[in-house]
file upload.txt (compact mmCIF, C-alpha atoms and all ligand atoms)
# COMPACT_ATOMS: atom_id res chain seq x y z
CA MET T 1 120.80 95.82 132.51
CA ASN T 2 122.89 94.71 129.55
CA PRO T 3 125.58 92.74 131.34
CA MET T 4 127.89 92.62 128.32
CA ARG T 5 129.11 96.17 128.76
CA GLY T 6 127.39 97.38 131.92
CA ILE T 7 124.75 99.37 130.01
CA ASP T 8 121.66 100.00 132.16
CA VAL T 9 119.08 99.86 129.38
CA ASP T 10 116.10 100.13 131.73
CA ARG T 11 117.37 103.41 133.14
CA LEU T 12 118.39 104.86 129.77
CA VAL T 13 115.12 104.11 127.97
CA GLN T 14 111.96 104.63 129.98
CA PRO T 15 108.39 104.65 128.68
CA ASP T 16 108.24 108.45 128.66
CA ARG T 17 111.86 109.55 128.09
CA VAL T 18 115.33 108.55 126.88
CA HIS T 19 118.73 109.55 128.21
CA SER T 20 121.23 111.55 126.13
CA HIS T 21 123.82 108.81 126.44
CA VAL T 22 121.92 106.63 123.98
CA TYR T 23 122.92 109.17 121.30
CA THR T 24 126.41 110.08 122.50
CA ASP T 25 128.10 107.18 124.30
CA LEU T 26 130.75 105.19 122.43
CA THR T 27 130.20 101.99 124.41
CA ILE T 28 126.49 102.06 123.61
CA PHE T 29 127.26 102.74 119.96
CA GLU T 30 129.60 99.74 119.74
CA GLU T 31 126.95 97.57 121.36
CA GLU T 32 124.39 98.79 118.80
CA ILE T 33 126.73 97.78 116.00
CA GLU T 34 126.94 94.29 117.49
CA ARG T 35 123.39 93.68 118.63
CA ILE T 36 121.35 95.60 116.08
CA PHE T 37 123.53 95.83 112.95
CA THR T 38 125.35 92.47 113.25
CA GLN T 39 122.86 90.16 114.94
CA GLY T 40 119.65 91.55 113.44
CA TRP T 41 118.24 92.17 109.97
CA ILE T 42 119.27 95.36 108.18
CA PHE T 43 118.33 96.81 104.81
CA VAL T 44 121.14 96.59 102.23
CA GLY T 45 119.64 97.67 98.91
CA HIS T 46 117.13 97.01 96.15
CA GLU T 47 117.50 94.41 93.41
CA GLY T 48 116.64 97.13 90.88
CA GLU T 49 119.98 98.84 91.57
CA ILE T 50 121.82 95.93 89.96
CA PRO T 51 119.61 94.79 87.08
CA VAL T 52 122.19 93.01 84.89
CA PRO T 53 125.02 90.54 85.59
CA GLY T 54 128.15 92.32 86.72
CA ASP T 55 126.33 95.29 88.24
CA PHE T 56 127.61 95.93 91.74
CA ARG T 57 127.44 98.38 94.62
CA GLN T 58 129.72 98.62 97.62
CA ARG T 59 127.81 98.57 100.90
CA THR T 60 128.63 98.16 104.56
CA MET T 61 127.02 95.94 107.16
CA ALA T 62 127.91 96.81 110.74
CA ARG T 63 130.83 98.81 109.28
CA GLN T 64 132.09 95.72 107.42
CA PRO T 65 132.67 95.99 103.66
CA VAL T 66 130.34 93.98 101.43
CA ILE T 67 129.64 93.85 97.71
CA PHE T 68 126.03 93.82 96.52
CA VAL T 69 126.26 92.23 93.08
CA ARG T 70 124.23 90.59 90.32
CA ASP T 71 126.10 87.37 89.52
CA GLN T 72 126.73 85.60 86.20
CA HIS T 73 123.59 83.48 86.68
CA GLY T 74 121.32 86.48 87.37
CA GLY T 75 121.20 85.96 91.14
CA VAL T 76 121.71 88.60 93.80
CA GLN T 77 124.80 88.07 95.95
CA LEU T 78 126.09 89.79 99.05
CA LEU T 79 129.79 89.01 99.36
CA MET T 80 132.34 90.09 101.91
CA ASN T 81 134.76 92.51 100.24
CA ARG T 82 137.77 90.65 101.55
CA CYS T 83 140.16 88.52 99.57
CA THR T 84 140.43 85.01 101.01
CA HIS T 85 144.18 85.09 100.50
CA ARG T 86 145.36 87.89 102.79
CA ALA T 87 142.30 90.09 103.25
CA ASN T 88 142.78 92.80 100.65
CA ALA T 89 139.53 94.46 99.48
CA VAL T 90 138.85 93.02 96.04
CA CYS T 91 136.49 95.84 94.99
CA HIS T 92 137.46 99.47 95.46
CA LEU T 93 134.91 101.17 93.21
CA GLU T 94 131.71 102.35 94.85
CA ARG T 95 129.62 101.04 91.96
CA GLY T 96 129.94 99.80 88.42
CA ASN T 97 129.76 96.74 86.22
CA GLN T 98 132.57 94.25 85.74
CA PRO T 99 132.89 90.57 84.80
CA ALA T 100 134.77 89.49 87.94
CA PHE T 101 136.61 90.79 91.01
CA THR T 102 140.38 90.62 90.78
CA CYS T 103 142.38 91.24 93.91
CA PRO T 104 144.97 93.91 93.18
CA TYR T 105 147.51 92.47 95.63
CA HIS T 106 148.47 89.03 94.23
CA GLY T 107 145.96 88.72 91.44
CA TRP T 108 143.44 86.19 92.73
CA ARG T 109 140.34 86.41 90.57
CA PHE T 110 136.81 85.72 91.80
CA LYS T 111 133.67 85.14 89.75
CA LEU T 112 130.63 87.31 90.39
CA ASP T 113 129.11 84.63 92.62
CA GLY T 114 132.30 84.61 94.70
CA GLU T 115 133.88 81.45 93.35
CA LEU T 116 137.68 81.58 93.19
CA ALA T 117 138.53 81.21 89.51
CA VAL T 118 142.21 82.10 89.12
CA VAL T 119 145.22 81.78 91.43
CA PRO T 120 148.42 83.02 89.81
CA PHE T 121 151.49 80.78 90.18
CA ALA T 122 149.33 78.22 91.98
CA GLU T 123 152.00 75.46 91.79
CA ARG T 124 153.79 76.87 94.82
CA PHE T 125 150.85 76.18 97.15
CA PRO T 126 150.92 72.85 99.02
CA GLU T 127 149.04 69.83 97.79
CA ASP T 128 146.08 70.30 100.13
CA PHE T 129 145.42 73.81 98.82
CA ASP T 130 141.65 73.74 98.08
CA ARG T 131 140.62 76.46 95.68
CA SER T 132 136.94 75.47 95.92
CA ALA T 133 136.93 76.38 99.63
CA LEU T 134 138.37 79.84 99.08
CA GLY T 135 135.56 81.75 97.39
CA LEU T 136 134.56 85.18 98.66
CA ARG T 137 132.51 84.66 101.78
CA SER T 138 128.76 85.16 101.44
CA VAL T 139 126.74 87.04 104.03
CA PRO T 140 124.95 84.17 105.78
CA ARG T 141 121.38 85.44 105.52
CA VAL T 142 120.03 87.42 102.56
CA GLU T 143 116.30 87.64 101.85
CA ALA T 144 114.13 90.00 99.83
CA HIS T 145 110.53 91.11 99.63
CA ARG T 146 109.37 92.73 96.36
CA GLY T 147 112.99 93.50 95.50
CA PHE T 148 113.88 95.13 98.82
CA VAL T 149 116.90 93.20 100.07
CA PHE T 150 117.65 92.65 103.74
CA ALA T 151 120.57 90.75 105.23
CA SER T 152 122.07 89.61 108.49
CA LEU T 153 125.54 88.53 109.56
CA ASN T 154 123.83 86.24 112.07
CA PRO T 155 123.08 82.82 110.51
CA ASP T 156 120.55 82.11 113.25
CA VAL T 157 118.47 85.27 112.83
CA CYS T 158 114.69 84.77 112.52
CA PRO T 159 113.11 84.55 109.02
CA LEU T 160 112.78 87.95 107.35
CA LYS T 161 109.01 87.65 107.25
CA ASP T 162 108.98 87.43 111.04
CA HIS T 163 111.14 90.55 111.33
CA LEU T 164 109.02 92.56 108.89
CA GLY T 165 105.60 91.22 109.84
CA PRO T 166 102.52 91.24 107.59
CA LEU T 167 101.81 94.99 107.87
CA VAL T 168 105.28 96.00 106.66
CA MET T 169 105.22 93.44 103.86
CA GLN T 170 101.90 94.92 102.77
CA GLU T 171 103.48 98.39 102.76
CA LEU T 172 106.32 97.13 100.53
CA ASP T 173 103.72 95.52 98.25
CA ASP T 174 101.96 98.86 98.00
CA ILE T 175 105.19 100.63 97.02
CA ALA T 176 106.03 98.06 94.33
CA ASP T 177 102.47 98.10 92.99
CA LEU T 178 102.70 101.81 92.22
CA SER T 179 104.18 100.36 89.05
CA PRO T 180 101.72 98.93 86.53
CA GLU T 181 104.29 96.15 86.13
CA GLY T 182 104.57 95.57 89.86
CA GLY T 183 108.19 96.64 90.17
CA ILE T 184 110.30 99.71 90.76
CA ASP T 185 113.33 100.85 88.77
CA VAL T 186 116.28 102.04 90.86
CA THR T 187 118.66 103.00 88.07
CA ALA T 188 118.10 106.75 88.34
CA GLY T 189 121.08 107.09 90.68
CA TYR T 190 121.36 108.05 94.32
CA HIS T 191 122.73 110.79 96.50
CA ARG T 192 124.40 110.81 99.85
CA LEU T 193 124.24 112.84 103.01
CA ARG T 194 126.64 112.85 105.91
CA TYR T 195 125.88 114.66 109.16
CA ALA T 196 127.61 115.14 112.50
CA GLY T 197 124.98 113.42 114.60
CA ASN T 198 123.76 110.06 115.85
CA TRP T 199 122.04 107.66 113.44
CA LYS T 200 118.90 107.50 115.58
CA LEU T 201 118.23 111.20 114.97
CA GLN T 202 117.55 110.24 111.36
CA VAL T 203 115.50 107.24 112.54
CA GLU T 204 113.23 109.39 114.71
CA ASN T 205 112.86 111.99 111.99
CA ALA T 206 111.70 109.42 109.42
CA ILE T 207 108.21 109.45 110.99
CA ASP T 208 107.92 112.85 112.67
CA GLY T 209 104.98 115.01 111.67
CA TYR T 210 105.52 117.43 114.52
CA HIS T 211 108.59 119.14 113.08
CA ALA T 212 107.39 119.94 109.57
CA ASN T 213 105.72 123.29 110.28
CA PHE T 214 108.79 124.60 112.09
CA THR T 215 111.90 122.95 110.64
CA HIS T 216 110.58 123.39 107.08
CA ARG T 217 108.81 126.72 107.45
CA THR T 218 110.82 128.40 104.68
CA HIS T 219 110.01 125.61 102.25
CA MET T 220 106.33 125.84 103.13
CA ASP T 221 106.37 129.60 102.63
CA ASN T 222 107.95 129.05 99.22
CA VAL T 223 105.28 126.54 98.23
CA ARG T 224 102.55 128.91 99.35
CA PHE T 225 104.15 131.80 97.48
CA ARG T 226 104.70 129.88 94.24
CA THR T 227 101.47 127.87 94.05
CA GLY T 228 98.94 129.44 96.38
CA PHE T 229 98.59 126.05 98.14
CA ASP T 230 99.27 126.17 101.88
CA PRO T 231 100.79 122.86 103.07
CA ALA T 232 101.01 123.86 106.75
CA PRO T 233 97.62 122.42 107.82
CA LEU T 234 98.63 118.96 106.51
CA THR T 235 100.97 118.55 109.47
CA SER T 236 99.18 120.61 112.11
CA SER T 237 97.76 119.07 115.27
CA ALA T 238 94.31 119.24 113.62
CA ALA T 239 95.33 117.26 110.51
CA PRO T 240 93.52 113.93 109.98
CA ALA T 241 96.73 112.05 109.01
CA ARG T 242 97.86 109.29 111.38
CA ILE T 243 101.05 107.52 112.35
CA HIS T 244 100.92 103.79 113.03
CA ALA T 245 103.12 101.42 115.00
CA LEU T 246 103.38 98.29 112.85
CA GLY T 247 105.22 96.03 115.31
CA ASN T 248 108.95 95.31 115.81
CA GLY T 249 109.78 99.04 115.83
CA HIS T 250 108.44 99.62 112.30
CA CYS T 251 106.14 102.62 111.66
CA ARG T 252 104.20 104.34 108.93
CA TRP T 253 102.93 107.84 108.37
CA ASP T 254 99.60 107.43 106.61
CA SER T 255 98.50 110.38 104.50
CA SER T 256 95.66 108.59 102.73
CA SER T 257 93.05 110.68 104.50
CA LEU T 258 94.51 113.75 102.74
CA ASN T 259 94.43 112.38 99.22
CA LYS T 260 91.66 111.42 96.85
CA SER T 261 92.84 109.16 94.05
CA GLY T 262 96.25 110.76 94.08
CA THR T 263 94.94 114.17 93.17
CA ARG T 264 97.24 115.81 95.73
CA ALA T 265 100.97 115.35 96.05
CA PHE T 266 101.44 112.31 93.83
CA PRO T 267 105.14 112.54 92.96
CA GLY T 268 104.55 111.64 89.33
CA LYS T 269 101.41 113.65 88.70
CA THR T 270 102.16 115.67 85.67
CA PRO T 271 100.64 118.53 83.73
CA ASP T 272 101.79 117.00 80.46
CA PRO T 273 98.66 116.10 78.53
CA GLY T 274 97.87 112.44 78.43
CA ALA T 275 100.71 110.95 80.48
CA TRP T 276 98.83 110.86 83.76
CA GLU T 277 95.79 109.32 82.12
CA ILE T 278 97.94 106.67 80.42
CA TYR T 279 99.45 105.82 83.78
CA LEU T 280 96.04 105.61 85.46
CA ASP T 281 94.68 103.36 82.73
CA ALA T 282 97.70 101.06 83.03
CA MET T 283 97.35 100.92 86.81
CA ILE T 284 93.65 100.06 86.64
CA ALA T 285 94.35 97.39 84.02
CA ALA T 286 97.01 95.87 86.27
CA HIS T 287 95.53 96.25 89.73
CA GLY T 288 91.84 97.17 89.30
CA LYS T 289 90.13 100.47 90.10
CA GLU T 290 89.69 99.93 93.83
CA ARG T 291 93.32 98.99 94.51
CA THR T 292 94.58 101.76 92.23
CA ASP T 293 92.55 104.32 94.18
CA TYR T 294 93.92 102.92 97.42
CA LEU T 295 97.54 102.91 96.22
CA LEU T 296 97.39 106.46 94.93
CA SER T 297 95.60 107.70 98.03
CA LYS T 298 98.67 106.69 100.04
CA GLN T 299 100.97 109.12 98.28
CA GLY T 300 102.80 111.31 100.70
CA SER T 301 102.92 108.46 103.21
CA HIS T 302 106.18 107.42 104.86
CA LEU T 303 107.44 104.04 106.05
CA TYR T 304 110.21 103.24 108.50
CA ILE T 305 111.62 99.71 108.89
CA PHE T 306 113.81 99.13 111.93
CA PRO T 307 116.68 99.84 112.01
CA ASN T 308 117.92 101.50 108.81
CA PHE T 309 115.27 101.87 106.07
CA SER T 310 112.79 104.59 105.32
CA TYR T 311 110.53 105.47 102.41
CA THR T 312 109.09 108.84 101.56
CA GLY T 313 106.94 109.10 98.44
CA ALA T 314 109.43 109.21 95.58
CA HIS T 315 112.49 107.73 97.27
CA PHE T 316 113.71 105.28 99.88
CA ARG T 317 116.82 105.61 101.98
CA LEU T 318 119.42 103.59 103.82
CA PHE T 319 121.01 104.77 107.10
CA GLN T 320 124.59 103.90 107.94
CA PRO T 321 125.98 104.57 111.42
CA VAL T 322 129.65 105.57 111.32
CA ALA T 323 130.30 106.83 114.87
CA PRO T 324 128.13 108.04 117.78
CA ASP T 325 128.19 111.48 116.20
CA GLU T 326 128.50 110.64 112.52
CA THR T 327 125.95 109.12 110.11
CA ARG T 328 125.75 108.55 106.38
CA VAL T 329 122.41 108.38 104.58
CA THR T 330 121.88 107.29 100.97
CA LEU T 331 118.74 108.41 99.14
CA PHE T 332 117.44 106.39 96.19
CA PRO T 333 114.81 108.19 94.10
CA PHE T 334 113.06 105.48 92.10
CA LEU T 335 111.01 105.16 88.96
CA LEU T 336 107.94 103.07 88.24
CA LYS T 337 108.31 100.34 85.64
CA GLY T 338 105.67 100.66 82.96
CA ALA T 339 104.78 104.28 83.79
CA PRO T 340 105.05 106.93 81.05
CA ARG T 341 108.39 108.68 80.88
CA GLU T 342 106.77 112.02 81.81
CA VAL T 343 105.34 110.56 85.01
CA ASN T 344 108.75 109.23 86.03
CA ARG T 345 110.47 112.44 85.03
CA LYS T 346 108.10 114.40 87.25
CA ARG T 347 108.79 112.02 90.16
CA LEU T 348 112.46 112.94 89.99
CA ARG T 349 111.71 116.68 89.80
CA VAL T 350 109.39 116.45 92.82
CA HIS T 351 112.04 114.52 94.73
CA GLU T 352 114.70 117.10 93.95
CA THR T 353 112.47 119.97 95.01
CA PHE T 354 112.55 118.91 98.64
CA PHE T 355 115.33 116.32 99.04
CA GLY T 356 117.86 117.19 96.35
CA PRO T 357 121.21 118.86 97.09
CA ALA T 358 119.63 122.20 96.16
CA GLY T 359 116.18 121.27 97.43
CA GLY T 360 114.21 123.22 99.95
CA GLY T 361 113.80 120.71 102.78
CA GLN T 362 116.42 118.03 103.34
CA SER T 363 119.12 120.47 104.39
CA ASP T 364 116.77 121.74 107.14
CA ASP T 365 116.70 118.28 108.69
CA LEU T 366 120.48 117.89 108.50
CA GLU T 367 120.92 121.19 110.30
CA ILE T 368 118.47 120.04 112.97
CA PHE T 369 120.31 116.71 113.45
CA GLU T 370 123.59 118.51 114.07
CA ARG T 371 122.03 121.04 116.46
CA ASN T 372 120.30 118.13 118.21
CA GLN T 373 123.67 116.46 118.76
CA VAL T 374 125.04 119.71 120.22
CA GLY T 375 122.12 119.96 122.64
CA LEU T 376 122.57 116.35 123.73
CA GLY T 377 125.97 117.37 125.11
CA ALA T 378 124.31 119.41 127.90
CA SER T 379 124.16 117.17 130.96
CA LEU T 380 122.15 118.94 133.69
CA ASP T 381 118.84 117.52 132.48
CA PRO T 382 119.86 114.66 130.16
CA TRP T 383 116.38 113.51 129.11
CA SER T 384 114.41 113.68 125.85
CA LEU T 385 110.62 113.42 126.21
CA LEU T 386 108.44 110.93 124.32
CA THR T 387 105.02 111.65 125.79
CA ARG T 388 103.18 113.58 123.11
CA GLY T 389 99.87 111.81 122.37
CA VAL T 390 100.57 108.85 124.67
CA HIS T 391 97.10 109.15 126.21
CA LEU T 392 95.46 109.33 122.77
CA GLU T 393 96.76 106.17 121.12
CA GLN T 394 94.18 104.03 119.34
CA GLN T 395 94.08 100.34 118.55
CA GLU T 396 93.30 99.81 114.85
CA ALA T 397 91.47 96.93 113.19
CA ASP T 398 94.57 95.85 111.22
CA GLY T 399 96.50 95.26 114.44
CA SER T 400 98.46 98.49 114.39
CA VAL T 401 98.31 101.22 117.03
CA SER T 402 97.80 104.79 115.82
CA ASN T 403 98.28 108.37 116.93
CA GLN T 404 97.72 111.76 115.31
CA ILE T 405 100.44 112.83 112.89
CA THR T 406 102.15 115.23 115.34
CA ASP T 407 102.23 112.68 118.19
CA GLU T 408 105.25 110.69 119.35
CA LEU T 409 104.00 107.12 119.00
CA SER T 410 106.76 106.41 116.46
CA ASN T 411 109.46 107.47 118.93
CA ARG T 412 107.98 105.30 121.63
CA THR T 413 107.73 102.23 119.41
CA ILE T 414 111.24 102.68 117.98
CA TRP T 415 112.76 103.01 121.43
CA ALA T 416 110.84 99.99 122.71
CA LYS T 417 112.39 97.90 119.93
CA TRP T 418 115.84 99.37 120.60
CA LYS T 419 115.49 98.51 124.27
CA GLN T 420 114.44 94.96 123.47
CA MET T 421 117.46 94.40 121.23
CA MET T 422 119.92 96.08 123.58
CA GLY T 423 118.62 94.56 126.81
CA GLU T 424 119.69 91.59 128.84
CA GLY T 425 119.55 88.28 127.00
CA ALA T 426 118.62 89.86 123.67
CA MET T 427 121.47 88.09 121.89
CA ALA T 428 120.71 84.67 123.33
FE1 LIG S 1 144.31 89.05 97.55
FE2 LIG S 1 146.75 88.25 98.00
S1 LIG S 1 145.52 89.45 99.27
S2 LIG S 1 145.55 87.92 96.23
FE FE S 2 111.94 116.99 107.79

call {"tool": "encode", "arguments": {"input": "upload.txt", "output": "structure tokens", "more": "lines below"}}
Ligand code: FES
Ligand code: FE
result
Amino acid sequence: MNPMRGIDVDRLVQPDRVHSHVYTDLTIFEEEIERIFTQGWIFVGHEGEIPVPGDFRQRTMARQPVIFVRDQHGGVQLLMNRCTHRANAVCHLERGNQPAFTCPYHGWRFKLDGELAVVPFAERFPEDFDRSALGLRSVPRVEAHRGFVFASLNPDVCPLKDHLGPLVMQELDDIADLSPEGGIDVTAGYHRLRYAGNWKLQVENAIDGYHANFTHRTHMDNVRFRTGFDPAPLTSSAAPARIHALGNGHCRWDSSSLNKSGTRAFPGKTPDPGAWEIYLDAMIAAHGKERTDYLLSKQGSHLYIFPNFSYTGAHFRLFQPVAPDETRVTLFPFLLKGAPREVNRKRLRVHETFFGPAGGGQSDDLEIFERNQVGLGASLDPWSLLTRGVHLEQQEADGSVSNQITDELSNRTIWAKWKQMMGEGAMA
């Protein structure tokens, strides 16, 4: 029981099923915003989005407005978008580059690191008016791993490394090391989705091999028709690919068993003569042959970090809960620093083919999320099942637990983490 709001977490989330109310109930949603999105770590962006001083992005944390900005000293800041005079938002553009933030109400001007620099007509404030104490407020905890920035509004939250754990940090290392320079470039832009459904429908779908052959059947037919390659067996119940529970609700979809040195499905693999070979040579020079083979074999893999981050081959995404039945998702296709232009260009084309606004796959998932939310409104049997593959889980040598790609281990591990954060005493 969660005594704060009378939510019976043990009844709602059981080892083999979850109740519809966890997707539809407003009280539960508000408690998620407090316990998961305010008290815990959430993903807020990548340092590569704001490479030069003055670059900024508007973001939200637990529905609160924040500014993700590169300051005048080159540091990454996460500032509350609230003037310390009388609370006006000091930044109204979604993104851009500017030398400072000037409040449009009475003209207070803040430096990029939040310091209050200018107060118009300051002589009318009393003598004890302390400008140095009135900078934009900083989010209390901001930490990054390989450029991926996480933050918490809770000053007492555990260290980020404890939230991520070694297996997730290794996954982020593997993403960054797809670049011969060890870093990704996130200046290619982003695109946004909004759907009429609960945020956890996107969470569950981030690592769900079971749906691909059905939800995306038209896309698969198109691929087969255009190329002669049939992708359906890659996500059948006979496929060798595995999903892994990485601890703390984090999961991965590991496709390495399907790939040999990136020869299938690498998002930047290109027919342009020479570019791929240049990339391979640069990778081997930077990381060695064995690690390069390993990194490229993982292409097509997915990663989910609880609660609001996922990665899928050529992009990562950020989930933003708006209401029990409304979610925003931002997709960031990224480039690889040091890779030939043709390799990066092909990454973007591959991304667009499935996930772009006119792509063949992402819109399928959005339609499913909205139909899922409709179905959750039927109350006679209010349970969703989580049992697929539960008797076939395997303990792996790296400490993870695995299941076949169409099994529901990811759902079970995500809900176990949700239950832990939403249960009695979780905020203590
Ligand atoms: Fe910002 Fe007054 S509210 S200067
Ligand atoms: Fe899908």

call {"tool": "atom_distance", "arguments": {"input": "upload.txt", "atom1": "atom CA of T:His250", "atom2": "atom CA of T:His302"}}
result
11.0 Å

call {"tool": "residues_near_ligand", "arguments": {"input": "upload.txt", "ligand": "ligand FE 2 (chain S)", "cutoff": "8 Å", "atoms": "all atoms listed in the file", "output": "MDAnalysis selection string"}}
result
chainID T and resid 205:206 208 211:212 215:216 361:362 364:365

call {"tool": "residues_around", "arguments": {"input": "upload.txt", "residues": "T:Ile184", "least_positions_apart": "5", "cutoff": "7 Å", "atoms": "only C-alpha atoms", "output": "list in words"}}
result
Gly48, Ala176, Ser179, Phe334, Leu335, Leu336 and Lys337 of chain T

call {"tool": "write_last_selection", "arguments": {"input": "upload.txt", "atoms": "C-alpha atoms", "output": "PDB file, keeping the file's coordinate frame"}}
result
ATOM      1  CA  GLY T  48     116.640  97.130  90.880  1.00  0.00           C
ATOM      2  CA  ALA T 176     106.030  98.060  94.330  1.00  0.00           C
ATOM      3  CA  SER T 179     104.180 100.360  89.050  1.00  0.00           C
ATOM      4  CA  PHE T 334     113.060 105.480  92.100  1.00  0.00           C
ATOM      5  CA  LEU T 335     111.010 105.160  88.960  1.00  0.00           C
ATOM      6  CA  LEU T 336     107.940 103.070  88.240  1.00  0.00           C
ATOM      7  CA  LYS T 337     108.310 100.340  85.640  1.00  0.00           C
TER       8      LYS T 337
END

call {"tool": "residues_around", "arguments": {"input": "upload.txt", "residues": "T:Gly209", "least_positions_apart": "2", "cutoff": "8 Å", "atoms": "only C-alpha atoms", "output": "ChimeraX atom specification"}}
result
/T:207,211-212,235,405-407

call {"tool": "residues_near_ligand", "arguments": {"input": "upload.txt", "ligand": "ligand LIG 1 (chain S)", "cutoff": "7 Å", "atoms": "all atoms listed in the file", "output": "VMD selection string"}}
result
chain T and resid 83 to 88 90 103 to 108

call {"tool": "residues_around", "arguments": {"input": "upload.txt", "residues": "T:Gly356", "least_positions_apart": "4", "cutoff": "12 Å", "atoms": "only C-alpha atoms", "output": "PyMOL selection string"}}
result
chain T and resi 190-193+314-315+330-333+348-352+360-364

call {"tool": "closest_residue", "arguments": {"input": "upload.txt", "among": "T:Arg17, T:Arg59, T:Arg217, T:His287", "to": "T:Glu408", "atoms": "all atoms listed in the file"}}
result
T:Arg17

call {"tool": "atom_distance", "arguments": {"input": "upload.txt", "atom1": "atom CA of T:Arg70", "atom2": "atom CA of T:Trp199"}}
result
28.8 Å

call {"tool": "residues_around", "arguments": {"input": "upload.txt", "residues": "T:Arg109", "least_positions_apart": "5", "cutoff": "8 Å", "atoms": "all atoms listed in the file", "output": "list in words"}}
result
Ala100, Phe101, Thr102, Cys103, Leu116, Ala117, Val118 and Val119 of chain T

call {"tool": "atom_distance", "arguments": {"input": "upload.txt", "atom1": "atom CA of T:Thr312", "atom2": "atom CA of T:Val66"}}
result
25.9 Å

call {"tool": "residues_around", "arguments": {"input": "upload.txt", "residues": "stretch 144-159 of chain T", "least_positions_apart": "4", "cutoff": "10 Å", "atoms": "all atoms listed in the file", "output": "mmCIF file with C-alpha atoms, in the coordinates of the input"}}
result
data_model
loop_
_atom_site.group_PDB
_atom_site.id
_atom_site.type_symbol
_atom_site.label_atom_id
_atom_site.label_comp_id
_atom_site.auth_asym_id
_atom_site.auth_seq_id
_atom_site.Cartn_x
_atom_site.Cartn_y
_atom_site.Cartn_z
ATOM 1 C CA GLU T 34 126.940 94.290 117.490
ATOM 2 C CA ARG T 35 123.390 93.680 118.630
ATOM 3 C CA ILE T 36 121.350 95.600 116.080
ATOM 4 C CA PHE T 37 123.530 95.830 112.950
ATOM 5 C CA THR T 38 125.350 92.470 113.250
ATOM 6 C CA GLN T 39 122.860 90.160 114.940
ATOM 7 C CA GLY T 40 119.650 91.550 113.440
ATOM 8 C CA TRP T 41 118.240 92.170 109.970
ATOM 9 C CA ILE T 42 119.270 95.360 108.180
ATOM 10 C CA PHE T 43 118.330 96.810 104.810
ATOM 11 C CA VAL T 44 121.140 96.590 102.230
ATOM 12 C CA GLY T 45 119.640 97.670 98.910
ATOM 13 C CA HIS T 46 117.130 97.010 96.150
ATOM 14 C CA GLU T 47 117.500 94.410 93.410
ATOM 15 C CA GLY T 48 116.640 97.130 90.880
ATOM 16 C CA GLU T 49 119.980 98.840 91.570
ATOM 17 C CA MET T 61 127.020 95.940 107.160
ATOM 18 C CA ALA T 62 127.910 96.810 110.740
ATOM 19 C CA GLN T 64 132.090 95.720 107.420
ATOM 20 C CA PHE T 68 126.030 93.820 96.520
ATOM 21 C CA VAL T 76 121.710 88.600 93.800
ATOM 22 C CA LEU T 78 126.090 89.790 99.050
ATOM 23 C CA SER T 138 128.760 85.160 101.440
ATOM 24 C CA VAL T 139 126.740 87.040 104.030
ATOM 25 C CA PRO T 140 124.950 84.170 105.780
ATOM 26 C CA HIS T 163 111.140 90.550 111.330
ATOM 27 C CA LEU T 164 109.020 92.560 108.890
ATOM 28 C CA MET T 169 105.220 93.440 103.860
ATOM 29 C CA GLN T 170 101.900 94.920 102.770
ATOM 30 C CA LEU T 172 106.320 97.130 100.530
ATOM 31 C CA ASP T 173 103.720 95.520 98.250
ATOM 32 C CA ASP T 174 101.960 98.860 98.000
ATOM 33 C CA ILE T 175 105.190 100.630 97.020
ATOM 34 C CA ALA T 176 106.030 98.060 94.330
ATOM 35 C CA ASP T 177 102.470 98.100 92.990
ATOM 36 C CA GLY T 182 104.570 95.570 89.860
ATOM 37 C CA GLY T 183 108.190 96.640 90.170
ATOM 38 C CA ILE T 184 110.300 99.710 90.760
ATOM 39 C CA ASP T 185 113.330 100.850 88.770
ATOM 40 C CA PHE T 309 115.270 101.870 106.070
ATOM 41 C CA MET T 427 121.470 88.090 121.890
#
